[in-house]
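Listing of structure20.tsv; format and content: TSV, C-alpha atoms.
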chain	number	residue	atom	x	y	z
A	5	MET	CA	-20.31	4.12	22.29
A	6	ALA	CA	-17.32	5.92	20.84
A	7	GLY	CA	-14.59	3.71	19.42
A	8	SER	CA	-11.13	3.11	20.84
A	9	GLN	CA	-9.50	5.58	18.44
A	10	THR	CA	-11.76	8.37	19.69
A	11	ILE	CA	-10.87	7.39	23.26
A	12	ASP	CA	-7.19	8.00	22.37
A	13	TYR	CA	-8.05	11.52	21.24
A	14	THR	CA	-10.06	11.95	24.42
A	15	GLN	CA	-7.06	11.05	26.55
A	16	SER	CA	-5.13	13.74	24.73
A	17	ALA	CA	-7.98	16.17	25.43
A	18	LEU	CA	-7.90	15.26	29.12
A	19	SER	CA	-4.21	16.17	29.31
A	20	HIS	CA	-5.05	19.64	27.97
A	21	ILE	CA	-7.87	19.97	30.50
A	22	ARG	CA	-5.42	19.07	33.26
A	23	TYR	CA	-2.94	21.73	32.18
A	24	LEU	CA	-5.54	24.47	31.78
A	25	SER	CA	-7.44	23.80	35.01
A	26	GLU	CA	-4.60	22.70	37.30
A	27	VAL	CA	-1.37	24.29	36.03
A	28	ILE	CA	-2.90	27.60	34.90
A	29	GLY	CA	-6.09	27.44	36.98
A	30	GLY	CA	-8.72	30.19	36.95
A	31	ARG	CA	-8.56	32.14	33.69
A	32	GLY	CA	-10.51	35.34	34.16
A	33	SER	CA	-11.37	37.50	31.17
A	34	CYS	CA	-8.58	39.97	30.33
A	35	THR	CA	-6.20	38.44	32.89
A	36	SER	CA	-2.64	37.19	32.47
A	37	ASP	CA	-3.93	33.66	33.09
A	38	GLU	CA	-6.32	33.94	30.14
A	39	HIS	CA	-3.38	35.16	28.05
A	40	GLN	CA	-1.30	32.19	29.20
A	41	ALA	CA	-4.10	29.84	28.13
A	42	ALA	CA	-4.15	31.49	24.69
A	43	GLU	CA	-0.39	31.07	24.35
A	44	TYR	CA	-0.71	27.43	25.41
A	45	THR	CA	-3.35	26.66	22.76
A	46	ALA	CA	-1.31	28.49	20.10
A	47	GLU	CA	1.73	26.38	21.00
A	48	GLN	CA	-0.34	23.18	20.86
A	49	MET	CA	-1.72	24.12	17.45
A	50	GLN	CA	1.80	24.71	16.15
A	51	ASN	CA	2.93	21.35	17.55
A	52	LEU	CA	0.05	19.68	15.69
A	53	GLY	CA	0.98	21.27	12.37
A	54	VAL	CA	-1.85	23.83	12.20
A	55	GLN	CA	-1.19	26.62	9.71
A	56	ASN	CA	-1.26	30.40	10.21
A	57	VAL	CA	-1.34	30.15	14.00
A	58	ARG	CA	-1.49	33.53	15.73
A	59	LEU	CA	-2.87	35.46	18.66
A	60	GLU	CA	-5.34	38.15	17.65
A	61	PRO	CA	-5.58	40.88	20.32
A	62	TYR	CA	-8.63	43.06	21.01
A	63	LYS	CA	-10.14	45.10	23.82
A	64	GLY	CA	-12.56	43.13	25.99
A	65	ALA	CA	-14.47	43.45	29.23
A	66	PRO	CA	-12.61	42.45	32.41
A	67	SER	CA	-15.87	41.97	34.34
A	68	THR	CA	-19.20	40.34	33.59
A	69	TYR	CA	-20.92	42.17	36.42
A	70	ARG	CA	-19.74	45.79	36.36
A	71	PRO	CA	-22.13	46.84	33.57
A	72	TYR	CA	-25.07	45.48	35.56
A	73	ALA	CA	-23.88	47.03	38.80
A	74	LEU	CA	-23.75	50.36	36.99
A	75	THR	CA	-27.28	50.01	35.60
A	76	PHE	CA	-28.72	49.15	39.02
A	77	SER	CA	-26.83	52.02	40.65
A	78	VAL	CA	-28.17	54.56	38.15
A	79	ALA	CA	-31.76	53.35	38.55
A	80	LEU	CA	-31.43	53.42	42.33
A	81	LEU	CA	-30.06	56.95	42.18
A	82	GLY	CA	-33.32	58.05	40.59
A	83	THR	CA	-35.41	56.31	43.23
A	84	LEU	CA	-33.30	57.85	46.00
A	85	GLY	CA	-33.78	61.30	44.46
A	86	VAL	CA	-37.56	60.88	44.39
A	87	TRP	CA	-37.57	60.22	48.14
A	88	LEU	CA	-35.08	62.92	49.10
A	89	PHE	CA	-36.30	65.69	46.80
A	90	PRO	CA	-40.02	65.39	45.97
A	91	GLY	CA	-41.13	67.23	42.86
A	92	ARG	CA	-42.06	66.74	39.23
A	93	TRP	CA	-38.59	67.46	37.85
A	94	VAL	CA	-37.09	64.84	40.12
A	95	LEU	CA	-39.65	62.37	38.79
A	96	VAL	CA	-38.54	63.25	35.27
A	97	LEU	CA	-34.93	62.54	36.19
A	98	ALA	CA	-35.87	59.29	37.93
A	99	ALA	CA	-37.85	58.13	34.88
A	100	VAL	CA	-34.88	58.86	32.62
A	101	LEU	CA	-32.42	57.06	34.90
A	102	SER	CA	-34.65	53.97	35.20
A	103	ALA	CA	-35.12	53.90	31.43
A	104	LEU	CA	-31.36	54.18	30.93
A	105	GLY	CA	-30.84	51.29	33.32
A	106	ALA	CA	-33.41	49.10	31.54
A	107	TRP	CA	-31.96	49.91	28.12
A	108	ALA	CA	-28.40	49.16	29.18
A	109	MET	CA	-29.34	45.89	30.87
A	110	MET	CA	-31.33	44.64	27.89
A	111	ALA	CA	-28.58	45.70	25.49
A	112	GLU	CA	-25.77	44.18	27.56
A	113	THR	CA	-27.52	40.82	27.85
A	114	ASP	CA	-27.75	40.81	24.05
A	115	PHE	CA	-24.13	41.96	23.41
A	116	THR	CA	-25.26	45.29	21.99
A	117	ASP	CA	-23.47	48.61	22.41
A	118	ASN	CA	-24.79	50.76	25.27
A	119	TRP	CA	-23.77	53.57	27.59
A	120	THR	CA	-22.18	51.27	30.22
A	121	ARG	CA	-19.65	50.17	27.58
A	122	TRP	CA	-18.83	53.79	26.85
A	123	LEU	CA	-18.07	54.49	30.52
A	124	LEU	CA	-16.39	51.33	31.81
A	125	PRO	CA	-12.70	50.64	31.06
A	126	LYS	CA	-11.72	47.82	28.73
A	127	GLY	CA	-8.93	45.26	29.15
A	128	ASP	CA	-6.54	43.42	26.87
A	129	SER	CA	-7.64	40.02	25.61
A	130	GLN	CA	-6.95	37.80	22.63
A	131	ASN	CA	-8.13	34.90	20.52
A	132	ALA	CA	-5.85	32.05	19.48
A	133	VAL	CA	-6.56	31.23	15.83
A	134	GLY	CA	-5.30	28.70	13.30
A	135	VAL	CA	-6.31	27.03	10.03
A	136	ILE	CA	-6.29	23.41	8.85
A	137	PRO	CA	-6.55	23.25	5.02
A	138	PRO	CA	-8.17	20.32	3.20
A	139	THR	CA	-6.26	17.95	0.97
A	140	GLY	CA	-8.24	19.03	-2.09
A	141	GLU	CA	-10.21	22.00	-3.32
A	142	THR	CA	-11.90	24.04	-0.58
A	143	LYS	CA	-15.66	23.80	-0.93
A	144	HIS	CA	-16.72	24.20	2.69
A	145	ARG	CA	-15.55	26.07	5.78
A	146	VAL	CA	-16.03	25.15	9.42
A	147	VAL	CA	-15.00	26.99	12.56
A	148	LEU	CA	-14.38	24.91	15.69
A	149	CYS	CA	-14.69	27.29	18.63
A	150	ALA	CA	-14.11	26.96	22.38
A	151	HIS	CA	-13.62	29.71	24.92
A	152	LEU	CA	-10.53	29.95	27.12
A	153	ASP	CA	-11.73	32.10	30.01
A	154	THR	CA	-13.51	31.03	33.17
A	155	HIS	CA	-16.20	32.66	35.27
A	156	ARG	CA	-16.15	33.93	38.82
A	157	THR	CA	-17.81	31.84	41.51
A	158	PRO	CA	-20.60	33.90	43.14
A	159	ILE	CA	-23.02	32.32	45.55
A	160	PHE	CA	-25.90	32.34	43.07
A	161	TYR	CA	-24.21	29.49	41.16
A	162	ALA	CA	-23.82	27.37	44.29
A	163	SER	CA	-26.97	25.25	43.84
A	164	LYS	CA	-30.00	24.71	41.63
A	165	THR	CA	-32.08	26.75	44.07
A	166	TRP	CA	-29.68	29.67	43.78
A	167	ASN	CA	-29.63	29.24	39.98
A	168	THR	CA	-33.42	29.54	39.91
A	169	LEU	CA	-33.38	32.59	42.16
A	170	PHE	CA	-30.72	34.19	40.01
A	171	SER	CA	-32.74	33.62	36.83
A	172	LEU	CA	-35.72	35.27	38.51
A	173	LEU	CA	-33.45	38.07	39.69
A	174	VAL	CA	-32.25	38.83	36.16
A	175	ALA	CA	-35.79	39.03	34.80
A	176	GLY	CA	-37.15	40.81	37.89
A	177	SER	CA	-34.45	43.47	37.87
A	178	LEU	CA	-35.16	44.34	34.24
A	179	VAL	CA	-38.91	44.46	34.87
A	180	SER	CA	-38.41	46.60	37.98
A	181	MET	CA	-36.56	49.27	36.01
A	182	LEU	CA	-39.18	49.25	33.27
A	183	ILE	CA	-41.99	49.59	35.82
A	184	SER	CA	-40.15	52.38	37.62
A	185	ALA	CA	-39.62	54.30	34.38
A	186	LEU	CA	-43.31	53.98	33.51
A	187	ALA	CA	-44.51	54.85	37.01
A	188	TYR	CA	-42.33	57.96	37.26
A	189	THR	CA	-43.44	59.06	33.79
A	190	LEU	CA	-47.09	58.74	34.79
A	191	GLY	CA	-46.29	60.60	37.98
A	192	VAL	CA	-44.99	63.50	35.92
A	193	VAL	CA	-48.01	63.54	33.58
A	194	PHE	CA	-50.67	63.26	36.27
A	195	ASN	CA	-48.75	64.82	39.15
A	196	TRP	CA	-48.95	61.61	41.18
A	197	GLU	CA	-46.58	61.89	44.11
A	198	TRP	CA	-47.60	58.47	45.40
A	199	VAL	CA	-45.74	56.68	42.57
A	200	ARG	CA	-42.64	56.93	44.74
A	201	TRP	CA	-44.01	53.87	46.58
A	202	ILE	CA	-43.88	51.83	43.38
A	203	GLY	CA	-40.29	52.91	42.91
A	204	LEU	CA	-39.49	51.90	46.46
A	205	VAL	CA	-40.71	48.35	45.88
A	206	ALA	CA	-38.83	48.08	42.58
A	207	GLY	CA	-35.78	49.62	44.22
A	208	GLY	CA	-35.66	46.81	46.77
A	209	MET	CA	-35.11	44.28	44.01
A	210	GLU	CA	-32.50	46.50	42.39
A	211	VAL	CA	-30.63	46.81	45.69
A	212	PHE	CA	-30.50	43.03	45.97
A	213	ALA	CA	-29.31	42.75	42.36
A	214	LEU	CA	-26.64	45.40	42.96
A	215	VAL	CA	-25.35	43.60	46.07
A	216	MET	CA	-25.17	40.32	44.14
A	217	SER	CA	-23.28	41.99	41.28
A	218	LEU	CA	-20.77	43.61	43.62
A	219	HIS	CA	-20.34	40.37	45.55
A	220	ALA	CA	-19.61	38.41	42.35
A	221	ASP	CA	-16.61	40.53	41.41
A	222	PHE	CA	-14.90	39.69	44.72
A	223	THR	CA	-15.09	35.92	44.25
A	224	PRO	CA	-12.27	33.81	42.73
A	225	PHE	CA	-12.27	32.49	39.18
A	226	SER	CA	-13.31	28.88	38.71
A	227	PRO	CA	-10.58	26.45	37.57
A	228	GLY	CA	-13.03	25.67	34.75
A	229	ALA	CA	-12.23	22.05	33.94
A	230	ASN	CA	-15.65	21.52	32.36
A	231	ASP	CA	-16.38	25.20	31.63
A	232	ASN	CA	-14.53	25.36	29.40
A	233	ALA	CA	-11.24	23.48	29.41
A	234	SER	CA	-13.31	20.52	28.20
A	235	GLY	CA	-14.22	22.41	25.04
A	236	VAL	CA	-10.65	23.60	24.48
A	237	GLY	CA	-9.27	20.11	25.08
A	238	MET	CA	-11.77	18.57	22.72
A	239	VAL	CA	-11.00	21.05	19.91
A	240	LEU	CA	-7.30	20.24	20.33
A	241	GLY	CA	-8.18	16.53	20.25
A	242	LEU	CA	-10.14	17.09	17.04
A	243	THR	CA	-7.15	19.00	15.68
A	244	GLN	CA	-4.99	15.94	16.27
A	245	HIS	CA	-7.63	13.79	14.60
A	246	LEU	CA	-7.71	16.11	11.58
A	247	GLY	CA	-3.95	15.86	11.33
A	248	GLN	CA	-4.23	12.09	11.01
A	249	GLU	CA	-7.40	12.04	8.89
A	250	PRO	CA	-7.55	15.36	7.01
A	251	LEU	CA	-10.77	16.38	5.32
A	252	THR	CA	-10.90	16.51	1.54
A	253	HIS	CA	-12.90	19.65	0.77
A	254	THR	CA	-13.39	21.42	4.13
A	255	LYS	CA	-11.09	24.09	5.50
A	256	VAL	CA	-11.28	24.03	9.30
A	257	TRP	CA	-10.62	27.15	11.31
A	258	LEU	CA	-9.79	26.91	15.01
A	259	ALA	CA	-10.90	29.78	17.25
A	260	PHE	CA	-10.03	29.71	20.96
A	261	THR	CA	-11.78	32.82	22.23
A	262	GLY	CA	-11.26	35.03	25.25
A	263	CYS	CA	-13.89	37.01	27.15
A	264	GLU	CA	-16.76	34.62	26.44
A	265	GLU	CA	-17.79	34.86	30.07
A	266	ALA	CA	-17.91	38.66	29.71
A	267	ALA	CA	-20.40	39.05	26.85
A	268	SER	CA	-18.54	37.08	24.14
A	269	TYR	CA	-16.17	39.90	23.18
A	270	GLY	CA	-13.76	37.34	21.71
A	271	MET	CA	-16.30	35.84	19.33
A	272	VAL	CA	-17.49	39.30	18.30
A	273	SER	CA	-13.89	40.25	17.51
A	274	PHE	CA	-13.33	37.04	15.54
A	275	LEU	CA	-16.45	37.65	13.44
A	276	GLU	CA	-15.52	41.27	12.78
A	277	SER	CA	-12.15	40.08	11.48
A	278	HIS	CA	-13.11	36.93	9.59
A	279	ALA	CA	-16.86	36.52	8.98
A	280	SER	CA	-16.65	38.12	5.53
A	281	GLU	CA	-13.72	35.91	4.53
A	282	LEU	CA	-15.43	32.76	5.81
A	283	GLY	CA	-18.69	33.51	4.00
A	284	GLU	CA	-22.33	33.07	4.94
A	285	ASP	CA	-22.28	29.29	4.43
A	286	ALA	CA	-19.52	28.57	6.96
A	287	ALA	CA	-20.57	26.42	9.91
A	288	TYR	CA	-19.56	27.52	13.41
A	289	ILE	CA	-19.46	24.69	15.95
A	290	ILE	CA	-19.30	26.05	19.48
A	291	ILE	CA	-18.07	23.49	22.01
A	292	ASP	CA	-18.86	24.56	25.55
A	293	GLN	CA	-18.95	22.28	28.62
A	294	VAL	CA	-18.84	18.77	27.17
A	295	GLY	CA	-17.15	17.08	30.10
A	296	PHE	CA	-20.11	15.73	32.05
A	297	GLY	CA	-23.60	14.42	31.29
A	298	HIS	CA	-25.42	13.61	28.08
A	299	LEU	CA	-24.61	15.47	24.87
A	300	CYS	CA	-27.10	18.10	23.76
A	301	TYR	CA	-27.31	20.87	21.20
A	302	LEU	CA	-29.13	24.15	21.65
A	303	THR	CA	-32.21	25.09	19.67
A	304	SER	CA	-32.00	28.68	20.93
A	305	ASP	CA	-29.44	30.68	22.85
A	306	GLY	CA	-29.26	33.92	24.84
A	307	LEU	CA	-29.41	35.23	28.38
A	308	VAL	CA	-32.72	37.12	28.18
A	309	ARG	CA	-33.64	37.31	24.51
A	310	LYS	CA	-33.42	33.84	22.99
A	311	HIS	CA	-32.06	33.61	19.43
A	312	SER	CA	-33.21	30.58	17.43
A	313	THR	CA	-30.44	28.36	16.10
A	314	HIS	CA	-30.02	28.52	12.32
A	315	PRO	CA	-32.05	25.75	10.58
A	316	ARG	CA	-28.97	24.49	8.73
A	317	ALA	CA	-27.12	24.07	12.04
A	318	LEU	CA	-29.99	22.02	13.43
A	319	GLU	CA	-30.01	19.90	10.27
A	320	LEU	CA	-26.33	19.08	10.81
A	321	ALA	CA	-26.94	18.13	14.46
A	322	ARG	CA	-29.98	15.99	13.68
A	323	ALA	CA	-28.16	14.20	10.87
A	324	ALA	CA	-25.28	13.39	13.23
A	325	THR	CA	-27.77	12.15	15.83
A	326	THR	CA	-29.22	9.75	13.27
A	327	ALA	CA	-25.75	8.59	12.20
A	328	GLN	CA	-24.61	8.04	15.81
A	329	PRO	CA	-27.57	6.27	17.47
A	330	ASP	CA	-25.48	4.96	20.36
A	331	ILE	CA	-24.75	8.50	21.59
A	332	VAL	CA	-27.53	9.89	23.80
A	333	THR	CA	-28.29	13.30	22.33
A	334	THR	CA	-31.05	15.77	23.16
A	335	GLU	CA	-32.22	19.21	22.05
A	336	ARG	CA	-32.41	21.99	24.64
A	337	VAL	CA	-33.06	25.69	24.99
A	338	GLY	CA	-29.93	27.45	26.27
A	339	LEU	CA	-29.95	28.46	29.93
A	340	ALA	CA	-27.61	31.44	29.58
A	341	TYR	CA	-25.57	32.21	26.45
A	342	THR	CA	-22.63	30.87	24.45
A	343	ASP	CA	-20.31	32.15	21.73
A	344	ALA	CA	-22.92	31.07	19.18
A	345	VAL	CA	-25.11	34.11	19.92
A	346	PRO	CA	-23.01	36.74	18.06
A	347	ALA	CA	-22.87	34.44	15.02
A	348	THR	CA	-26.57	33.57	15.15
A	349	LYS	CA	-27.46	37.26	15.38
A	350	ARG	CA	-25.61	37.75	12.08
A	351	GLY	CA	-27.68	35.00	10.45
A	352	LEU	CA	-24.76	32.57	10.40
A	353	VAL	CA	-24.86	28.80	10.79
A	354	ALA	CA	-23.83	28.41	14.44
A	355	LEU	CA	-24.41	25.35	16.61
A	356	THR	CA	-23.66	25.00	20.32
A	357	LEU	CA	-22.81	21.57	21.70
A	358	CYS	CA	-22.71	20.98	25.44
A	359	ALA	CA	-23.37	18.15	27.89
A	360	LEU	CA	-25.84	18.26	30.75
A	361	PRO	CA	-27.22	15.75	33.28
A	362	PRO	CA	-30.50	14.11	32.24
A	363	SER	CA	-33.67	16.08	32.99
A	364	GLY	CA	-34.78	15.51	36.56
A	365	SER	CA	-31.32	14.42	37.68
A	366	ASP	CA	-29.91	15.75	40.96
A	367	GLN	CA	-26.38	15.67	39.54
A	368	THR	CA	-24.45	18.92	39.29
A	369	ILE	CA	-22.10	20.13	36.55
A	370	HIS	CA	-20.27	22.42	39.01
A	371	TRP	CA	-21.07	25.39	36.79
A	372	HIS	CA	-19.10	28.49	37.82
A	373	GLN	CA	-17.89	26.84	41.02
A	374	MET	CA	-14.49	26.10	42.52
A	375	THR	CA	-15.40	22.40	42.33
A	376	ASP	CA	-15.26	22.50	38.50
A	377	THR	CA	-12.18	20.28	38.53
A	378	LEU	CA	-10.76	17.47	36.42
A	379	ASP	CA	-12.02	14.72	38.71
A	380	HIS	CA	-15.58	15.69	37.71
A	381	VAL	CA	-14.89	15.34	33.98
A	382	ASP	CA	-16.24	12.12	32.44
A	383	PRO	CA	-14.02	10.66	29.66
A	384	GLN	CA	-17.04	8.95	28.09
A	385	ALA	CA	-18.90	12.26	27.77
A	386	MET	CA	-15.80	13.68	26.08
A	387	ALA	CA	-15.54	10.69	23.75
A	388	ASP	CA	-19.19	10.96	22.75
A	389	ALA	CA	-18.83	14.67	22.00
A	390	HIS	CA	-15.71	14.02	19.93
A	391	ALA	CA	-17.44	11.33	17.88
A	392	PHE	CA	-20.48	13.56	17.34
A	393	VAL	CA	-18.47	16.53	16.09
A	394	TRP	CA	-16.35	14.26	13.90
A	395	GLN	CA	-19.57	12.97	12.35
A	396	ILE	CA	-20.66	16.55	11.58
A	397	LEU	CA	-17.29	17.32	10.01
A	398	LYS	CA	-17.49	14.24	7.79
A	399	ASP	CA	-21.06	15.03	6.78
A	400	ILE	CA	-20.09	18.57	5.78
A	401	ASP	CA	-17.04	17.33	3.88
A	402	HIS	CA	-19.10	14.79	1.92
A	403	THR	CA	-21.81	17.29	0.96

Here is the file; what I need is its structure written in the form of structure tokens.
Amino acid sequence: MAGSQTIDYTQSALSHIRYLSEVIGGRGSCTSDEHQAAEYTAEQMQNLGVQNVRLEPYKGAPSTYRPYALTFSVALLGTLGVWLFPGRWVLVLAAVLSALGAWAMMAETDFTDNWTRWLLPKGDSQNAVGVIPPTGETKHRVVLCAHLDTHRTPIFYASKTWNTLFSLLVAGSLVSMLISALAYTLGVVFNWEWVRWIGLVAGGMEVFALVMSLHADFTPFSPGANDNASGVGMVLGLTQHLGQEPLTHTKVWLAFTGCEEAASYGMVSFLESHASELGEDAAYIIIDQVGFGHLCYLTSDGLVRKHSTHPRALELARAATTAQPDIVTTERVGLAYTDAVPATKRGLVALTLCALPPSGSDQTIHWHQMTDTLDHVDPQAMADAHAFVWQILKDIDHT
């Protein structure tokens, strides 16, 4: 188990979790509450002696779900046209609209520019950034990253059954638009009027997906004690630890990102500003939901398309696992996505650490729910995560 000194840092982390989840509360992307959380972390960094602390503003997405609602609406418009105005030119239009919907959905799930981003308004967000220099010559660079914002609480996160249905919904909605685009195209080529029936079946799934997307944007934001005040609190705890035991040759950057829940706009902005300066060998450690369960690190990450974790990142995690045998650690494929994805897509060394209940457990992590509160955060899980990351930092520094 983690030692008593790590427990002290964990208690400090818990106080930050309390402030973020109870004093500020839900911290939606591009909201004043998210901005308040960024100001809070900047103030804490300054109090801990971090250098070059600042807020870095950018334009982000205020909603996770509006891009998807727009894609489903456009595809459904084509299907509706096929039924109201039969004819080959309507089939052409419906094929184009379904293809546009499929393209936008696939692109949005992979944080790639698409037509929904051109049409939907952006909001103001920010990252809180700081730097901890080493005591000697800088030979290595590490970025400790945790996101500040919290997710809405739609019904499809209410249980494991709903989670499973939602995962099927995401895949099924994409497939439905692809099938519709193909069916309408074949209808044009072969003059098949009957393909409208295929579109009708696919449209039923898209209607359900659209209703779920619209519903989500009317739900409150989770207080986010585990997701992700736990990550923020732990990075601040590690910052305190680094102040007392500074590294010799590793410059540590701190990046508290906004808009992670809305397609990782904050991480994308950070990389656009600093990836070149940090260099290709920098290690990005993404700390996301470490407040409950057994520690794990992701071997791949992404909502639909899974991006394999950089081999060097996995080497660091496996070495820390060997060095910390008392900490239960497992490898997992990511369920959704984290801030590691934009870095991994660039070929950078990015590792996501999280904590999840053991496989087969009926325990819940209260993911994207109003019950994601401090009383469900386990100090031992936090202590284990702290010790694990500290091991990685020491290993990098001694390389």

Around the point (-29.3, 52.8, 40.8) in the file's coordinates, collect all residues with an atom within 9 Å, using all atoms listed in the file, and return them as an mmCIF file with C-alpha atoms, in the frame of the given file.
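The result, stored in part-v9.cif:
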data_model
loop_
_atom_site.group_PDB
_atom_site.id
_atom_site.type_symbol
_atom_site.label_atom_id
_atom_site.label_comp_id
_atom_site.auth_asym_id
_atom_site.auth_seq_id
_atom_site.Cartn_x
_atom_site.Cartn_y
_atom_site.Cartn_z
ATOM 1 C CA ALA A 73 -23.880 47.030 38.800
ATOM 2 C CA LEU A 74 -23.750 50.360 36.990
ATOM 3 C CA THR A 75 -27.280 50.010 35.600
ATOM 4 C CA PHE A 76 -28.720 49.150 39.020
ATOM 5 C CA SER A 77 -26.830 52.020 40.650
ATOM 6 C CA VAL A 78 -28.170 54.560 38.150
ATOM 7 C CA ALA A 79 -31.760 53.350 38.550
ATOM 8 C CA LEU A 80 -31.430 53.420 42.330
ATOM 9 C CA LEU A 81 -30.060 56.950 42.180
ATOM 10 C CA GLY A 82 -33.320 58.050 40.590
ATOM 11 C CA THR A 83 -35.410 56.310 43.230
ATOM 12 C CA LEU A 84 -33.300 57.850 46.000
ATOM 13 C CA LEU A 101 -32.420 57.060 34.900
ATOM 14 C CA SER A 102 -34.650 53.970 35.200
ATOM 15 C CA GLY A 105 -30.840 51.290 33.320
ATOM 16 C CA GLY A 207 -35.780 49.620 44.220
ATOM 17 C CA GLU A 210 -32.500 46.500 42.390
ATOM 18 C CA VAL A 211 -30.630 46.810 45.690
ATOM 19 C CA LEU A 214 -26.640 45.400 42.960
#

- So what do you get for atom CA of A:Thr189 versus atom CA of A:Leu95, distance-wise?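 Atom-to-atom, atom CA of A:Thr189 to atom CA of A:Leu95, that is 7.1 Å.
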
Residues at most 8 Å from stretch 380-393 of chain A, counting only C-alpha atoms, excluding those fewer than 2 positions away in the same chain, as a PDB file with C-alpha atoms, in the coordinates of the input?
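This went into out-v9.pdb:
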ATOM      1  CA  MET A   5     -20.310   4.120  22.290  1.00  0.00           C
ATOM      2  CA  ALA A   6     -17.320   5.920  20.840  1.00  0.00           C
ATOM      3  CA  THR A  10     -11.760   8.370  19.690  1.00  0.00           C
ATOM      4  CA  ILE A  11     -10.870   7.390  23.260  1.00  0.00           C
ATOM      5  CA  TYR A  13      -8.050  11.520  21.240  1.00  0.00           C
ATOM      6  CA  THR A  14     -10.060  11.950  24.420  1.00  0.00           C
ATOM      7  CA  GLN A  15      -7.060  11.050  26.550  1.00  0.00           C
ATOM      8  CA  LEU A  18      -7.900  15.260  29.120  1.00  0.00           C
ATOM      9  CA  ALA A 229     -12.230  22.050  33.940  1.00  0.00           C
ATOM     10  CA  ASN A 230     -15.650  21.520  32.360  1.00  0.00           C
ATOM     11  CA  SER A 234     -13.310  20.520  28.200  1.00  0.00           C
ATOM     12  CA  MET A 238     -11.770  18.570  22.720  1.00  0.00           C
ATOM     13  CA  GLY A 241      -8.180  16.530  20.250  1.00  0.00           C
ATOM     14  CA  LEU A 242     -10.140  17.090  17.040  1.00  0.00           C
ATOM     15  CA  VAL A 294     -18.840  18.770  27.170  1.00  0.00           C
ATOM     16  CA  GLY A 295     -17.150  17.080  30.100  1.00  0.00           C
ATOM     17  CA  PHE A 296     -20.110  15.730  32.050  1.00  0.00           C
ATOM     18  CA  GLY A 297     -23.600  14.420  31.290  1.00  0.00           C
ATOM     19  CA  HIS A 298     -25.420  13.610  28.080  1.00  0.00           C
ATOM     20  CA  LEU A 299     -24.610  15.470  24.870  1.00  0.00           C
ATOM     21  CA  ALA A 324     -25.280  13.390  13.230  1.00  0.00           C
ATOM     22  CA  THR A 325     -27.770  12.150  15.830  1.00  0.00           C
ATOM     23  CA  GLN A 328     -24.610   8.040  15.810  1.00  0.00           C
ATOM     24  CA  ILE A 331     -24.750   8.500  21.590  1.00  0.00           C
ATOM     25  CA  LEU A 357     -22.810  21.570  21.700  1.00  0.00           C
ATOM     26  CA  ALA A 359     -23.370  18.150  27.890  1.00  0.00           C
ATOM     27  CA  ILE A 369     -22.100  20.130  36.550  1.00  0.00           C
ATOM     28  CA  ASP A 376     -15.260  22.500  38.500  1.00  0.00           C
ATOM     29  CA  THR A 377     -12.180  20.280  38.530  1.00  0.00           C
ATOM     30  CA  LEU A 378     -10.760  17.470  36.420  1.00  0.00           C
ATOM     31  CA  GLN A 395     -19.570  12.970  12.350  1.00  0.00           C
ATOM     32  CA  ILE A 396     -20.660  16.550  11.580  1.00  0.00           C
ATOM     33  CA  LEU A 397     -17.290  17.320  10.010  1.00  0.00           C
TER      34      LEU A 397
END

Counting all atoms listed in the file, which residues have an atom no more than 10 Å from (-20.6, 36.0, 38.6) in the file's coordinates? Please list them as an mmCIF file with C-alpha atoms, in the frame of the given file.
data_model
loop_
_atom_site.group_PDB
_atom_site.id
_atom_site.type_symbol
_atom_site.label_atom_id
_atom_site.label_comp_id
_atom_site.auth_asym_id
_atom_site.auth_seq_id
_atom_site.Cartn_x
_atom_site.Cartn_y
_atom_site.Cartn_z
ATOM 1 C CA SER A 67 -15.870 41.970 34.340
ATOM 2 C CA THR A 68 -19.200 40.340 33.590
ATOM 3 C CA TYR A 69 -20.920 42.170 36.420
ATOM 4 C CA HIS A 155 -16.200 32.660 35.270
ATOM 5 C CA ARG A 156 -16.150 33.930 38.820
ATOM 6 C CA THR A 157 -17.810 31.840 41.510
ATOM 7 C CA PRO A 158 -20.600 33.900 43.140
ATOM 8 C CA ILE A 159 -23.020 32.320 45.550
ATOM 9 C CA PHE A 160 -25.900 32.340 43.070
ATOM 10 C CA TYR A 161 -24.210 29.490 41.160
ATOM 11 C CA MET A 216 -25.170 40.320 44.140
ATOM 12 C CA SER A 217 -23.280 41.990 41.280
ATOM 13 C CA LEU A 218 -20.770 43.610 43.620
ATOM 14 C CA HIS A 219 -20.340 40.370 45.550
ATOM 15 C CA ALA A 220 -19.610 38.410 42.350
ATOM 16 C CA ASP A 221 -16.610 40.530 41.410
ATOM 17 C CA PHE A 222 -14.900 39.690 44.720
ATOM 18 C CA THR A 223 -15.090 35.920 44.250
ATOM 19 C CA PRO A 224 -12.270 33.810 42.730
ATOM 20 C CA PHE A 225 -12.270 32.490 39.180
ATOM 21 C CA GLU A 265 -17.790 34.860 30.070
ATOM 22 C CA ALA A 266 -17.910 38.660 29.710
ATOM 23 C CA HIS A 372 -19.100 28.490 37.820
ATOM 24 C CA GLN A 373 -17.890 26.840 41.020
#

- Which is closest to A:Ser33 among A:Ala354, A:Leu152, A:Ala98, A:Val133, if we use only C-alpha atoms?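 Between A:Ala354, A:Leu152, A:Ala98, A:Val133, the residue approaching A:Ser33 most closely is A:Leu152.
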
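Between A:Leu246 and the residues A:Pro71, A:Pro227, A:Val135, A:Arg58, the shortest atom-to-atom distance, using only C-alpha atoms, involves A:Val135.
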
- Query: For the atom pair atom CA of A:Val353 and atom CA of A:Lys143, what is the interatomic distance in Å to one decimal place?
  - Reply: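 A separation of 15.7 Å between them.
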